[in-house]
Amino acid sequence: MSKRKRHKPDVRQADRVAQILGMDTAERKAFGRHIEDQKVHGNFGSGDEGDFTFDELLALGEEFLDEYRRDS
Amino acid sequence: MSIDETRNETALVKAVHQASDLAKLQGIISGIGGERCWDAYLSYAEELSLEIGERIPYPQKVMHGKEHGSWMFGSRGTAWELTSANSLWVSSDDEEDVIRQKIQVIKDTTITGIDVRYPDLDLILTFSNGYQLAILPTEDDDDYDVAYWELFTPDKMIVEAGPGATWSYSRADIPLNLKNKPSKGSA
């Protein structure tokens, strides 16, 4: 039914990053919100339409998790 | 317990062969009935997210100013439609800006109905203003190891439906690289 770009691959990619970094599902959920915030604040990736590449997501994820767990 | 249900210290995984296999799932998610849906937004990859129930501030600086619900819902990139009186209001096929604006209609409502449908694990949420959100998995969604939809509960558990004819109920605080979720069909 989708006429637009399918987003499942992007969700899968972010999940893969979360898995590699050892996030739990609650952290993965917060990470998804954090990534979207980056775009809202003009911090786009170098992929198509400003999407983050896998390596960019991985770097963002490392930075995010470090900060997130520091205050948990 | 049948061979179609596996359980360990952190997870319950249930294969779905008949409508009654959804009874326990329906029981768990019925907890959002009567709760307030106070936020609706798009997360990464245009995932429709709902914050429901008690408002809980994130203590982490990296999430400064943000709150999450005691229940959190995510569409996981699965197609969805929001309708009113059987008329389509907005769907996952619409442009991102349109979606962001139109989903505001379910903010500050109460959830009055929750229904998981056999066999496709469609999820139908009804809101106090009459709008209905339908999460509509398709066969294409089974190409990815990503749930059709998910719901975090107040007791740090997560319900995940799909992919395939299975659902699970597991701890949300277990690192994903330590989770051993059986692949579809093997539950």
# chains A, B, ... in the order shown; residues from 1 in each chain; ligands from 1
>>> residues_around(residues="range 56-58 of chain A", least_positions_apart="5", cutoff="12 Å", atoms="only C-alpha atoms", output="VMD selection string")
(chain A and resid 10 to 23 31 to 32 34 to 36 38 43 to 47 50 to 51 63 to 65) or (chain B and resid 44)
>>> residues_around(residues="Thr25 in chain A", least_positions_apart="2", cutoff="10 Å", atoms="only C-alpha atoms", output="PyMOL selection string")
(chain A and resi 15+18-19+22-23+27-31) or (chain B and resi 152+156-158+170-176)
>>> residues_around(residues="range 99-107 of chain B", least_positions_apart="5", cutoff="9 Å", atoms="only C-alpha atoms", output="PyMOL selection string")
chain B and resi 36-42+48+50+82+89-94+127-129+131
>>> atom_distance(atom1="CA of Pro57 in chain B", atom2="CA of Arg33 in chain A")
14.0 Å
>>> select_by_dssp(residues="range 33-169 of chain B", states="strand (DSSP E or B)", output="MDAnalysis selection string")
chainID B and resid 36:43 47:57 67:74 80:84 87:91 109:117 122:127 131:135 149:152 157:161 166:169
>>> residues_around(residues="Ile56 in chain B", least_positions_apart="4", cutoff="7 Å", atoms="only C-alpha atoms", output="number ranges by chain")
B: 67-70
